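> One file is attached below, final18.cif, containing mmCIF, C-alpha atoms and all ligand atoms.
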data_coords
#
loop_
_atom_site.label_atom_id
_atom_site.label_comp_id
_atom_site.auth_asym_id
_atom_site.auth_seq_id
_atom_site.Cartn_x
_atom_site.Cartn_y
_atom_site.Cartn_z
CA VAL A 1 -53.82 48.33 6.84
CA GLY A 2 -51.50 45.80 8.39
CA ALA A 3 -52.52 42.18 8.32
CA GLY A 4 -52.71 40.13 11.48
CA ALA A 5 -52.55 36.39 11.63
CA GLY A 6 -54.49 34.64 8.89
CA ALA A 7 -56.18 36.42 6.04
CA ALA A 8 -55.53 40.14 5.51
CA GLY A 9 -58.05 42.18 7.50
CA TYR A 10 -59.10 39.32 9.77
CA PHE A 11 -58.14 39.63 13.39
CA ASP A 12 -58.59 38.12 16.86
CA LEU A 13 -60.32 41.19 18.25
CA VAL A 14 -61.42 44.65 17.17
CA VAL A 15 -61.94 47.43 19.74
CA ARG A 16 -63.90 50.49 18.69
CA GLY A 17 -64.24 53.81 20.48
CA ARG A 18 -62.66 57.27 20.59
CA VAL A 19 -58.99 56.35 20.21
CA VAL A 20 -56.46 58.58 21.95
CA GLY A 21 -52.99 59.08 20.50
CA SER A 22 -50.33 61.08 22.31
CA GLY A 23 -50.30 63.98 19.86
CA ALA A 24 -53.83 64.51 18.64
CA PRO A 25 -57.38 64.73 20.00
CA PRO A 26 -59.35 61.46 20.15
CA ILE A 27 -61.05 60.24 17.00
CA HIS A 28 -63.59 57.47 16.47
CA ALA A 29 -61.45 54.58 15.31
CA ALA A 30 -60.90 50.85 15.47
CA VAL A 31 -57.94 48.99 16.97
CA ALA A 32 -57.38 45.53 15.52
CA ILE A 33 -55.55 42.99 17.64
CA SER A 34 -54.00 39.65 16.76
CA GLY A 35 -51.64 37.44 18.71
CA GLY A 36 -51.62 39.88 21.63
CA ARG A 37 -50.34 42.75 19.50
CA ILE A 38 -51.90 45.68 17.74
CA ALA A 39 -52.17 44.60 14.13
CA ALA A 40 -53.77 47.73 12.72
CA VAL A 41 -55.43 51.00 13.68
CA GLY A 42 -58.04 52.19 11.22
CA ASP A 43 -60.94 54.55 11.00
CA ARG A 44 -64.25 53.53 12.52
CA GLU A 45 -65.58 52.18 9.26
CA ALA A 46 -62.45 50.16 8.49
CA GLY A 47 -63.55 46.77 7.25
CA PHE A 48 -61.82 44.89 10.05
CA GLU A 49 -63.26 41.47 10.65
CA ALA A 50 -62.48 39.60 13.81
CA ASP A 51 -63.45 36.70 16.02
CA GLU A 52 -64.63 39.22 18.62
CA GLU A 53 -65.73 42.85 18.48
CA LEU A 54 -65.96 45.26 21.40
CA ASP A 55 -67.68 48.53 20.56
CA PHE A 56 -67.31 51.11 23.33
CA GLY A 57 -69.14 53.91 21.51
CA ASP A 58 -67.95 57.31 22.73
CA CYS A 59 -65.67 55.93 25.45
CA LEU A 60 -61.98 56.81 25.28
CA VAL A 61 -59.59 54.08 24.11
CA LEU A 62 -56.16 54.84 25.54
CA PRO A 63 -52.81 53.07 25.62
CA GLY A 64 -52.40 51.04 28.82
CA VAL A 65 -50.75 53.11 31.51
CA VAL A 66 -47.04 52.52 32.21
CA ASP A 67 -46.54 53.31 35.91
CA ALA A 68 -42.80 53.82 36.28
CA HIS A 69 -42.89 54.09 40.06
CA VAL A 70 -44.58 51.48 42.26
CA HIS A 71 -43.36 50.20 45.63
CA SER A 72 -45.13 46.82 45.83
CA GLY A 73 -42.66 45.45 48.39
CA SER A 74 -42.09 48.39 50.71
CA ALA A 75 -45.11 47.84 52.95
CA PRO A 76 -45.53 44.36 54.40
CA GLY A 77 -48.83 42.85 53.31
CA GLU A 78 -48.88 43.91 49.66
CA GLY A 79 -46.47 42.34 47.14
CA LEU A 80 -46.61 42.09 43.36
CA GLU A 81 -49.85 40.11 43.18
CA HIS A 82 -51.89 42.72 45.06
CA ALA A 83 -50.11 45.65 43.39
CA THR A 84 -50.63 44.34 39.88
CA ARG A 85 -54.28 43.46 40.62
CA ALA A 86 -54.87 47.08 41.63
CA ALA A 87 -52.92 48.13 38.54
CA ALA A 88 -55.10 46.01 36.25
CA ALA A 89 -58.24 47.51 37.78
CA GLY A 90 -56.90 51.00 37.15
CA GLY A 91 -55.81 50.55 33.54
CA VAL A 92 -52.12 50.22 34.41
CA THR A 93 -50.80 47.44 32.18
CA THR A 94 -47.11 47.88 32.98
CA VAL A 95 -45.73 48.34 36.47
CA ALA A 96 -42.09 49.33 37.07
CA ASP A 97 -41.40 48.18 40.60
CA MET A 98 -39.00 49.92 42.95
CA PRO A 99 -36.34 47.83 44.71
CA PHE A 100 -36.67 49.05 48.32
CA ASP A 101 -38.41 45.92 49.51
CA VAL A 102 -39.05 45.11 53.14
CA GLY A 103 -37.72 41.58 52.56
CA GLY A 104 -34.39 42.98 51.38
CA THR A 105 -33.30 45.78 49.06
CA ILE A 106 -32.87 44.48 45.50
CA ALA A 107 -29.36 45.58 44.58
CA SER A 108 -27.58 42.44 43.31
CA PRO A 109 -28.05 40.45 40.09
CA GLU A 110 -29.01 37.41 42.21
CA GLY A 111 -31.63 39.41 44.10
CA LEU A 112 -33.03 40.72 40.85
CA VAL A 113 -33.31 37.23 39.36
CA ARG A 114 -35.15 36.06 42.49
CA LYS A 115 -37.56 38.99 42.32
CA ALA A 116 -38.11 38.38 38.59
CA ALA A 117 -39.14 34.81 39.41
CA VAL A 118 -41.64 36.16 41.95
CA ALA A 119 -42.95 38.58 39.32
CA GLU A 120 -43.46 35.78 36.81
CA ARG A 121 -45.36 33.77 39.43
CA GLU A 122 -47.47 36.53 40.99
CA ALA A 123 -47.99 39.37 38.55
CA LEU A 124 -51.27 39.92 36.69
CA VAL A 125 -49.80 42.55 34.35
CA ASP A 126 -46.30 43.04 32.96
CA VAL A 127 -43.58 44.14 35.36
CA ALA A 128 -40.28 45.97 34.86
CA LEU A 129 -37.80 46.00 37.72
CA TRP A 130 -35.64 48.80 39.07
CA ALA A 131 -32.46 47.78 40.95
CA ALA A 132 -31.15 49.76 43.91
CA VAL A 133 -27.83 51.53 44.35
CA LEU A 134 -26.35 50.91 47.80
CA PRO A 135 -24.43 53.61 49.72
CA SER A 136 -21.06 51.95 49.16
CA GLY A 137 -19.36 49.26 47.13
CA PRO A 138 -19.20 48.63 43.40
CA VAL A 139 -22.33 49.20 41.33
CA PRO A 140 -22.77 46.12 39.09
CA ALA A 141 -24.82 47.94 36.44
CA ALA A 142 -23.88 45.69 33.53
CA GLU A 143 -24.65 42.55 35.54
CA LEU A 144 -27.94 44.01 36.75
CA SER A 145 -28.85 44.88 33.17
CA ALA A 146 -28.00 41.34 32.07
CA ALA A 147 -30.19 40.03 34.90
CA GLY A 148 -33.11 42.06 33.56
CA ALA A 149 -33.05 45.40 35.40
CA ARG A 150 -34.63 48.21 33.36
CA GLY A 151 -32.79 50.84 35.41
CA LEU A 152 -31.13 51.75 38.68
CA ALA A 153 -32.82 53.69 41.48
CA LEU A 154 -31.30 55.68 44.30
CA SER A 155 -32.17 58.31 46.84
CA THR A 156 -29.99 61.26 47.83
CA ILE A 157 -31.57 61.12 51.30
CA THR A 158 -31.76 58.29 53.80
CA VAL A 159 -35.40 57.27 54.08
CA ASP A 160 -35.52 54.00 56.00
CA PRO A 161 -32.15 52.24 56.32
CA PRO A 162 -31.15 49.57 55.46
CA ARG A 163 -34.23 49.01 53.26
CA TYR A 164 -34.15 52.46 51.68
CA PRO A 165 -30.70 54.01 52.16
CA GLY A 166 -29.39 57.37 51.04
CA VAL A 167 -26.50 57.56 48.59
CA GLY A 168 -23.74 60.19 48.84
CA GLU A 169 -22.33 62.35 46.06
CA ALA A 170 -19.33 60.16 45.13
CA GLN A 171 -21.35 56.95 45.05
CA MET A 172 -24.06 58.66 43.00
CA GLN A 173 -21.48 59.70 40.40
CA ALA A 174 -20.05 56.17 40.35
CA ALA A 175 -23.55 54.77 39.86
CA PHE A 176 -24.28 57.26 37.07
CA ALA A 177 -21.06 56.32 35.27
CA ALA A 178 -21.72 52.59 35.61
CA ALA A 179 -25.32 52.97 34.48
CA ALA A 180 -24.30 55.11 31.50
CA ALA A 181 -21.81 52.44 30.42
CA ALA A 182 -24.50 49.75 30.77
CA GLY A 183 -27.13 51.82 28.97
CA LEU A 184 -29.50 51.94 31.96
CA PRO A 185 -31.43 54.99 33.19
CA VAL A 186 -31.12 56.00 36.83
CA ALA A 187 -34.16 57.13 38.81
CA VAL A 188 -33.27 59.55 41.60
CA HIS A 189 -35.28 60.73 44.58
CA ALA A 190 -33.70 64.16 45.06
CA GLU A 191 -33.80 65.90 48.43
CA ASP A 192 -30.85 67.40 50.29
CA GLU A 193 -30.30 65.23 53.34
CA ASP A 194 -28.49 67.85 55.39
CA LEU A 195 -31.23 70.46 54.96
CA VAL A 196 -34.05 68.01 55.58
CA PHE A 197 -32.52 66.39 58.64
CA GLY A 198 -31.85 69.87 60.03
CA GLY A 199 -35.43 70.86 59.28
CA ILE A 200 -36.86 67.82 61.01
CA ALA A 201 -34.65 68.41 64.08
CA ALA A 202 -35.76 72.05 64.25
CA GLU A 203 -39.46 71.16 64.10
CA ARG A 204 -39.03 68.46 66.74
CA ALA A 205 -37.06 70.78 69.02
CA ALA A 206 -39.88 73.33 68.78
CA GLY A 207 -42.46 70.63 69.55
CA ARG A 208 -44.20 71.05 66.19
CA VAL A 209 -45.45 67.79 64.68
CA ASP A 210 -48.55 68.92 62.74
CA GLY A 211 -48.96 68.63 58.96
CA LEU A 212 -47.28 71.95 58.19
CA ALA A 213 -44.26 70.96 60.31
CA HIS A 214 -43.60 68.34 57.63
CA ALA A 215 -43.80 71.00 54.90
CA ARG A 216 -41.45 73.33 56.78
CA SER A 217 -38.94 70.54 57.42
CA ARG A 218 -38.50 69.89 53.68
CA PRO A 219 -38.53 73.32 51.99
CA PRO A 220 -38.30 73.82 48.20
CA GLU A 221 -34.56 74.52 48.55
CA SER A 222 -33.98 70.93 49.68
CA GLU A 223 -35.38 69.67 46.37
CA LEU A 224 -33.69 72.31 44.22
CA LEU A 225 -30.24 71.77 45.75
CA ALA A 226 -30.39 68.02 45.24
CA VAL A 227 -31.78 68.37 41.71
CA ALA A 228 -28.96 70.75 40.77
CA ARG A 229 -26.35 68.30 42.04
CA CYS A 230 -27.95 65.39 40.18
CA LEU A 231 -28.02 67.38 36.94
CA ARG A 232 -24.36 68.29 37.29
CA SER A 233 -23.42 64.64 37.78
CA ALA A 234 -25.65 63.65 34.87
CA ARG A 235 -23.80 66.00 32.55
CA LEU A 236 -20.45 64.76 33.79
CA THR A 237 -21.31 61.11 33.24
CA GLY A 238 -23.77 61.16 30.33
CA VAL A 239 -26.26 59.06 32.28
CA ALA A 240 -29.95 58.91 31.40
CA LEU A 241 -31.29 60.62 34.52
CA HIS A 242 -34.91 60.27 35.61
CA LEU A 243 -35.78 62.68 38.42
CA THR A 244 -38.68 61.31 40.46
CA GLU A 245 -41.22 62.87 42.84
CA ILE A 246 -40.60 66.36 41.49
CA THR A 247 -42.85 68.99 43.03
CA LEU A 248 -41.56 72.30 41.65
CA GLU A 249 -41.67 74.06 38.31
CA GLN A 250 -38.18 75.39 39.11
CA SER A 251 -36.88 71.81 39.12
CA VAL A 252 -38.36 71.32 35.65
CA THR A 253 -36.68 74.54 34.52
CA LEU A 254 -33.32 73.33 35.85
CA ALA A 255 -33.80 70.04 34.00
CA ARG A 256 -34.67 71.87 30.77
CA GLU A 257 -31.54 74.00 31.02
CA ALA A 258 -29.43 70.90 31.64
CA ARG A 259 -31.02 69.23 28.63
CA ARG A 260 -30.07 72.22 26.49
CA GLY A 261 -26.54 71.70 27.77
CA GLY A 262 -26.56 68.11 26.60
CA ALA A 263 -27.88 66.20 29.61
CA ASP A 264 -30.27 63.32 29.07
CA VAL A 265 -32.86 64.01 31.74
CA THR A 266 -36.56 63.30 32.24
CA VAL A 267 -38.75 64.51 35.08
CA GLU A 268 -41.48 62.61 36.90
CA THR A 269 -44.14 63.90 39.25
CA CYS A 270 -47.03 62.16 40.98
CA PRO A 271 -50.80 62.71 40.97
CA HIS A 272 -50.80 63.94 44.58
CA TYR A 273 -48.53 66.88 43.73
CA LEU A 274 -51.01 67.91 41.03
CA LEU A 275 -54.31 67.13 42.76
CA THR A 276 -53.68 68.30 46.32
CA ASP A 277 -51.64 71.02 48.00
CA GLU A 278 -50.17 72.22 51.28
CA ASP A 279 -53.63 73.11 52.61
CA TRP A 280 -54.58 69.45 52.17
CA LEU A 281 -51.48 68.48 54.18
CA ALA A 282 -52.42 70.96 56.92
CA GLU A 283 -55.90 69.47 57.07
CA HIS A 284 -55.05 65.76 56.86
CA GLY A 285 -51.59 65.57 58.48
CA ALA A 286 -50.04 62.08 58.45
CA ALA A 287 -52.50 60.72 55.87
CA ALA A 288 -51.31 63.39 53.42
CA LYS A 289 -47.59 62.99 54.16
CA CYS A 290 -45.37 62.34 51.18
CA ASN A 291 -41.73 63.13 50.42
CA PRO A 292 -41.10 65.80 49.24
CA PRO A 293 -44.18 67.33 50.89
CA LEU A 294 -47.27 68.72 49.18
CA ARG A 295 -46.52 72.31 48.12
CA PRO A 296 -48.45 75.59 48.24
CA ARG A 297 -51.06 76.20 45.55
CA SER A 298 -48.77 78.48 43.51
CA ASP A 299 -46.27 75.61 43.13
CA VAL A 300 -49.05 73.21 42.15
CA GLU A 301 -50.09 75.61 39.38
CA GLY A 302 -46.47 75.79 38.21
CA LEU A 303 -46.32 72.02 38.03
CA TRP A 304 -49.49 72.01 35.92
CA ARG A 305 -47.83 74.46 33.51
CA ALA A 306 -44.92 72.03 33.13
CA LEU A 307 -47.30 69.12 32.68
CA ALA A 308 -49.36 70.91 30.03
CA ALA A 309 -46.13 71.74 28.19
CA GLY A 310 -45.37 68.02 28.00
CA GLU A 311 -42.30 68.21 30.24
CA LEU A 312 -43.32 65.59 32.80
CA CYS A 313 -44.07 61.93 33.24
CA VAL A 314 -46.65 61.06 35.87
CA ALA A 315 -46.23 57.99 38.10
CA SER A 316 -48.11 56.87 41.19
CA ASP A 317 -45.31 56.31 43.74
CA HIS A 318 -47.79 53.75 45.09
CA VAL A 319 -47.07 52.26 48.49
CA ALA A 320 -49.63 50.35 50.54
CA TRP A 321 -48.97 51.63 54.04
CA PRO A 322 -51.62 50.45 56.49
CA ARG A 323 -53.74 53.11 58.17
CA GLU A 324 -51.76 52.96 61.41
CA ARG A 325 -48.62 54.17 59.60
CA LYS A 326 -50.62 57.08 58.19
CA SER A 327 -52.42 58.38 61.24
CA GLY A 328 -51.69 59.83 64.66
CA GLY A 329 -50.77 63.33 65.65
CA ASP A 330 -47.04 63.15 64.83
CA VAL A 331 -46.58 63.78 61.12
CA LEU A 332 -42.81 63.50 61.43
CA ALA A 333 -43.12 59.89 62.64
CA ALA A 334 -45.65 58.79 60.00
CA ALA A 335 -44.74 56.95 56.80
CA GLY A 336 -44.52 58.90 53.55
CA GLY A 337 -46.71 58.12 50.56
CA GLY A 338 -49.82 56.05 50.05
CA PRO A 339 -51.73 53.76 47.70
CA GLY A 340 -52.50 55.23 44.27
CA VAL A 341 -51.80 52.90 41.34
CA GLU A 342 -55.49 52.06 40.84
CA LEU A 343 -56.72 55.66 40.94
CA MET A 344 -54.02 57.43 38.93
CA LEU A 345 -55.69 57.28 35.52
CA PRO A 346 -59.25 58.22 36.55
CA LEU A 347 -58.06 61.02 38.85
CA MET A 348 -55.67 62.42 36.25
CA HIS A 349 -58.33 62.18 33.54
CA ASP A 350 -60.79 64.09 35.71
CA ALA A 351 -58.25 66.81 36.53
CA VAL A 352 -56.96 67.18 32.97
CA ARG A 353 -60.49 67.52 31.68
CA ALA A 354 -61.52 69.97 34.42
CA ARG A 355 -58.62 72.19 33.35
CA GLY A 356 -59.68 72.09 29.72
CA LEU A 357 -56.58 70.23 28.62
CA GLY A 358 -56.84 67.60 25.89
CA VAL A 359 -57.02 63.98 27.01
CA GLU A 360 -54.18 63.19 24.61
CA LEU A 361 -51.94 64.62 27.34
CA LEU A 362 -52.78 61.51 29.37
CA ALA A 363 -51.43 59.20 26.66
CA ARG A 364 -48.21 61.16 26.65
CA VAL A 365 -47.50 61.58 30.36
CA LEU A 366 -48.93 58.26 31.62
CA ALA A 367 -47.87 55.94 28.81
CA GLU A 368 -45.54 57.13 26.08
CA ALA A 369 -43.07 59.19 28.14
CA PRO A 370 -42.51 56.58 30.88
CA ALA A 371 -42.31 53.77 28.29
CA ARG A 372 -39.62 55.67 26.43
CA ARG A 373 -37.64 56.26 29.63
CA LEU A 374 -37.80 52.60 30.61
CA GLY A 375 -36.65 51.51 27.15
CA LEU A 376 -40.02 49.86 26.52
CA TRP A 377 -41.15 52.06 23.62
CA PRO A 378 -42.53 51.22 21.04
CA ARG A 379 -43.52 47.82 22.47
CA LYS A 380 -45.32 49.62 25.33
CA GLY A 381 -46.83 53.07 25.69
CA GLY A 382 -48.77 53.67 22.49
CA LEU A 383 -51.59 52.34 20.34
CA ARG A 384 -49.37 51.62 17.34
CA ARG A 385 -49.13 48.75 14.92
CA GLY A 386 -46.74 46.14 16.31
CA ALA A 387 -47.06 47.28 19.93
CA ASP A 388 -48.36 45.02 22.67
CA ALA A 389 -52.16 45.30 22.73
CA ASP A 390 -52.28 47.07 26.10
CA VAL A 391 -55.49 49.04 25.90
CA VAL A 392 -57.60 50.80 28.51
CA VAL A 393 -61.16 51.95 27.89
CA LEU A 394 -62.43 54.82 30.00
CA ASP A 395 -65.99 56.12 30.13
CA PRO A 396 -65.31 59.86 30.44
CA ASP A 397 -68.74 60.75 31.82
CA ALA A 398 -69.31 58.00 34.38
CA ALA A 399 -69.50 59.63 37.82
CA TRP A 400 -68.50 57.71 40.93
CA THR A 401 -67.15 58.21 44.44
CA VAL A 402 -63.86 56.79 45.74
CA ASP A 403 -64.34 54.23 48.50
CA HIS A 404 -61.29 52.22 49.57
CA ARG A 405 -63.52 49.19 50.21
CA ARG A 406 -64.10 48.90 46.47
CA LEU A 407 -60.42 49.20 45.56
CA HIS A 408 -57.97 46.30 45.26
CA THR A 409 -55.16 47.40 47.57
CA PRO A 410 -55.28 45.47 50.88
CA VAL A 411 -55.41 48.50 53.18
CA ASP A 412 -58.33 50.10 54.99
CA TRP A 413 -57.94 53.65 53.69
CA SER A 414 -57.34 55.71 50.57
CA PRO A 415 -56.00 59.26 50.43
CA TYR A 416 -58.90 59.97 48.09
CA ASP A 417 -61.81 58.43 50.03
CA GLY A 418 -64.97 60.41 49.31
CA TRP A 419 -63.65 62.15 46.19
CA GLU A 420 -66.22 62.46 43.45
CA VAL A 421 -64.67 61.47 40.17
CA ARG A 422 -65.86 61.81 36.61
CA GLY A 423 -64.45 59.11 34.35
CA ARG A 424 -64.23 55.41 35.06
CA VAL A 425 -62.10 52.56 33.74
CA VAL A 426 -64.54 50.14 32.10
CA HIS A 427 -62.30 47.66 30.27
CA VAL A 428 -58.61 46.78 30.26
CA LEU A 429 -56.71 44.60 27.81
CA ALA A 430 -53.13 43.51 28.42
CA ARG A 431 -51.36 41.93 25.47
CA GLY A 432 -54.80 41.47 23.95
CA GLU A 433 -56.33 39.65 26.93
CA THR A 434 -59.11 41.13 29.03
CA VAL A 435 -57.66 41.64 32.52
CA CYS A 436 -60.47 43.79 33.91
CA ALA A 437 -64.08 44.27 32.77
CA ASP A 438 -66.63 46.53 34.48
CA GLY A 439 -64.47 46.80 37.59
CA VAL A 440 -63.95 43.05 37.94
CA VAL A 441 -60.35 41.87 37.61
CA THR A 442 -60.41 38.72 35.48
CA ALA A 443 -56.68 38.02 35.14
CA ALA A 444 -54.91 35.46 37.31
CA PRO A 445 -51.50 35.73 38.95
CA GLY A 446 -48.79 34.51 36.60
CA ARG A 447 -50.16 36.02 33.40
CA GLY A 448 -47.87 39.03 33.73
CA GLN A 449 -44.36 38.83 32.35
CA GLN A 450 -41.12 40.38 33.47
CA LEU A 451 -40.00 42.92 30.89
ZN ZN A 501 -40.99 56.27 45.55
#
For this file, write the structure as structure tokens.
Ligand SMILES: [Zn+2]

Amino acid sequence: VGAGAGAAGYFDLVVRGRVVGSGAPPIHAAVAISGGRIAAVGDREAGFEADEELDFGDCLVLPGVVDAHVHSGSAPGEGLEHATRAAAAGGVTTVADMPFDVGGTIASPEGLVRKAAVAEREALVDVALWAAVLPSGPVPAAELSAAGARGLALSTITVDPPRYPGVGEAQMQAAFAAAAAAGLPVAVHAEDEDLVFGGIAAERAAGRVDGLAHARSRPPESELLAVARCLRSARLTGVALHLTEITLEQSVTLAREARRGGADVTVETCPHYLLTDEDWLAEHGAAAKCNPPLRPRSDVEGLWRALAAGELCVASDHVAWPRERKSGGDVLAAAGGGPGVELMLPLMHDAVRARGLGVELLARVLAEAPARRLGLWPRKGGLRRGADADVVVLDPDAAWTVDHRRLHTPVDWSPYDGWEVRGRVVHVLARGETVCADGVVTAAPGRGQQL
């Protein structure tokens, strides 16, 4: 048993419950915390003494979620304070924020330093920052790393220029090489621009703007082509590649083959690709639009196979578009994505359990794997001695219904309104401090740190 501050076996706080590691089923155990870090993990009867004890009985005690993919600045009206408040409520204790901000894409060391200052002022939980790769010009990876970037992010397809530009093949390779030299991972949104733009034009020309027009405009081939090109460049440059928003088991297979060939590649998907499908898109249209689109049920099942095999990270791709950007009859004109950082853990817990998979999968795909990719492991991502005491307690049997009015994102809708969920976040600690208790966020802006 590791000693915390003061006498051996005496700690600031002891948390008891069914503790979830990433490799084994939950066991009744005690997590001892001192100075904001995990000082020891022992069995339930461990003689830990502490100033404060929190006994959660049969509730699950999980590592705080590391959400590697949040867009707090893409939709006007959110920002890091709102995004990290929603995160705290949902058991997300580390947010990695994307750089495609409406106030200006974060692609320079100066821009990154400015955003880091905002994070230190506004954030309720810890924040890591991605920096963008622009379509042309030098990629200052070493300078961005020195300024605090945890990685670079780019898209192979133009989404919303100049805020969210697409990057061509040569610039992508240059970015990979620069990032590899600087020791930074690169997150890539992979869709083939030529195929997608052609698909959108064809749907428009035919006058089709319903939900399935979006699916047809971005077929599986557009993801697979872009993924294959990214993997080739990754092998050429030795970069740590992180493929984001992956919707297809075939993409995971390509990544696995590249890994066997020496590539350093990880694959990320999002809850919506696991929890909903193309029928949901057909039914809900703009509200269910995301890029790439929701896929047919057979692809969703393939993605679950990859998830169960431990080959994926899961991240929210949270973006707080207001309802007016997510409604109307023209799916092709609507914004892609939606709010999700607060619901990711409870929804994924419910789905994992419904499929009979062990909850330890959650610790792996929501905490350990993304923490490793962001270079934050072992400080973040696991309930281990010496790690930050980022702990989320979830009551696995509490039943509740999603209602956007009770969530913390400042928009008047949720993709999951009306969903009945089993499993509720009841307590969240971040670096040993309670940031949310019984659904009430208790942390103040400025307590989060830039990582
Ligand atoms: Zn995204």
> Given the choices A:Gly356, A:Gly432, A:Gly340, A:Pro135, which gets closest to ligand ZN 501 (chain A) if the distance is worked out from only C-alpha atoms and all ligand atoms?
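Selected residue with least distance to ligand ZN 501 (chain A): A:Gly340.
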> Pick from A:Ala320, A:Met344, A:Leu361, A:Val393: nearest to Trp413 (chain A), with only C-alpha atoms counted?
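Nearest candidate to Trp413 (chain A) out of A:Ala320, A:Met344, A:Leu361, A:Val393: A:Ala320.
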> Grab me every residue within 9 Å of ligand ZN 501 (chain A), counting only C-alpha atoms and all ligand atoms, and send it over as an MDAnalysis selection string.
chainID A and resid 69:71 98 100 189 244:245 291 316:319 337
> Please report the interatomic distance between CA of Phe176 (chain A) and CA of Ala234 (chain A) in Å with one decimal.
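Interatomic distance, CA of Phe176 (chain A) to CA of Ala234 (chain A): 6.9 Å.
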> How many Å separate CA of Val391 (chain A) from CA of Gln449 (chain A)?
16.4 Å
> So that I can check the surroundings of region 246-256 of chain A, please list as a list of chain:residue names every protein, DNA and RNA residue that reaches within 8 Å of it, counting all atoms listed in the file and ignoring chain neighbours fewer than 2 positions away.
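That gives A:Pro220, A:Glu223, A:Leu224, A:Val227, A:Ala228, A:Leu231, A:Leu243, A:Thr244, A:Ala258, A:Arg259, A:Arg260, A:Val265, A:Thr266, A:Val267, A:Glu268, A:Thr269, A:Cys270, A:Tyr273, A:Pro292, A:Leu294, A:Arg295, A:Asp299, A:Val300, A:Gly302, A:Leu303, A:Arg305, A:Ala306, A:Glu311.
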> Okay, now the selection with C-alpha atoms, as a PDB file, keeping the file's coordinate frame?

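And here is the file that came out, part_26.pdb:
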ATOM      1  CA  PRO A 220     -38.300  73.820  48.200  1.00  0.00           C
ATOM      2  CA  GLU A 223     -35.380  69.670  46.370  1.00  0.00           C
ATOM      3  CA  LEU A 224     -33.690  72.310  44.220  1.00  0.00           C
ATOM      4  CA  VAL A 227     -31.780  68.370  41.710  1.00  0.00           C
ATOM      5  CA  ALA A 228     -28.960  70.750  40.770  1.00  0.00           C
ATOM      6  CA  LEU A 231     -28.020  67.380  36.940  1.00  0.00           C
ATOM      7  CA  LEU A 243     -35.780  62.680  38.420  1.00  0.00           C
ATOM      8  CA  THR A 244     -38.680  61.310  40.460  1.00  0.00           C
ATOM      9  CA  ALA A 258     -29.430  70.900  31.640  1.00  0.00           C
ATOM     10  CA  ARG A 259     -31.020  69.230  28.630  1.00  0.00           C
ATOM     11  CA  ARG A 260     -30.070  72.220  26.490  1.00  0.00           C
ATOM     12  CA  VAL A 265     -32.860  64.010  31.740  1.00  0.00           C
ATOM     13  CA  THR A 266     -36.560  63.300  32.240  1.00  0.00           C
ATOM     14  CA  VAL A 267     -38.750  64.510  35.080  1.00  0.00           C
ATOM     15  CA  GLU A 268     -41.480  62.610  36.900  1.00  0.00           C
ATOM     16  CA  THR A 269     -44.140  63.900  39.250  1.00  0.00           C
ATOM     17  CA  CYS A 270     -47.030  62.160  40.980  1.00  0.00           C
ATOM     18  CA  TYR A 273     -48.530  66.880  43.730  1.00  0.00           C
ATOM     19  CA  PRO A 292     -41.100  65.800  49.240  1.00  0.00           C
ATOM     20  CA  LEU A 294     -47.270  68.720  49.180  1.00  0.00           C
ATOM     21  CA  ARG A 295     -46.520  72.310  48.120  1.00  0.00           C
ATOM     22  CA  ASP A 299     -46.270  75.610  43.130  1.00  0.00           C
ATOM     23  CA  VAL A 300     -49.050  73.210  42.150  1.00  0.00           C
ATOM     24  CA  GLY A 302     -46.470  75.790  38.210  1.00  0.00           C
ATOM     25  CA  LEU A 303     -46.320  72.020  38.030  1.00  0.00           C
ATOM     26  CA  ARG A 305     -47.830  74.460  33.510  1.00  0.00           C
ATOM     27  CA  ALA A 306     -44.920  72.030  33.130  1.00  0.00           C
ATOM     28  CA  GLU A 311     -42.300  68.210  30.240  1.00  0.00           C
TER      29      GLU A 311
END
> Determine the nearest neighbour of His427 (chain A) from the options A:Gly439, A:Pro26, A:Gly238, A:Gly35, counting all atoms listed in the file.
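For His427 (chain A), the nearest of the given residues is A:Gly439.
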> From the set A:Pro293, A:Gly166, A:Gly381, A:Gly262, which residue has the shortest atom-to-atom contact distance to Leu212 (chain A), counting all atoms listed in the file?
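Going through A:Pro293, A:Gly166, A:Gly381, A:Gly262 one by one, the smallest distance to Leu212 (chain A) is for A:Pro293.
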> So that I can see what lies close to region 108-125 of chain A, please list as a list in words the residues with an atom at most 6 Å from it, counting only C-alpha atoms and leaving out residues fewer than 2 positions away in the same chain.
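Skipping anything fewer than 2 positions along the chain leaves Leu80, Glu81, Thr84, Thr93, Ile106, Leu144, Ala147, Ala443, Ala444, Pro445, Gly446, Arg447, Gly448 and Gln449 of chain A.
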> Restricting it to C-alpha atoms, dump the selection as a short mmCIF file (atom, residue, chain, number, x, y, z; two decimals), keeping the file's coordinate frame.

data_model
loop_
_atom_site.label_atom_id
_atom_site.label_comp_id
_atom_site.auth_asym_id
_atom_site.auth_seq_id
_atom_site.Cartn_x
_atom_site.Cartn_y
_atom_site.Cartn_z
CA LEU A 80 -46.61 42.09 43.36
CA GLU A 81 -49.85 40.11 43.18
CA THR A 84 -50.63 44.34 39.88
CA THR A 93 -50.80 47.44 32.18
CA ILE A 106 -32.87 44.48 45.50
CA LEU A 144 -27.94 44.01 36.75
CA ALA A 147 -30.19 40.03 34.90
CA ALA A 443 -56.68 38.02 35.14
CA ALA A 444 -54.91 35.46 37.31
CA PRO A 445 -51.50 35.73 38.95
CA GLY A 446 -48.79 34.51 36.60
CA ARG A 447 -50.16 36.02 33.40
CA GLY A 448 -47.87 39.03 33.73
CA GLN A 449 -44.36 38.83 32.35
#
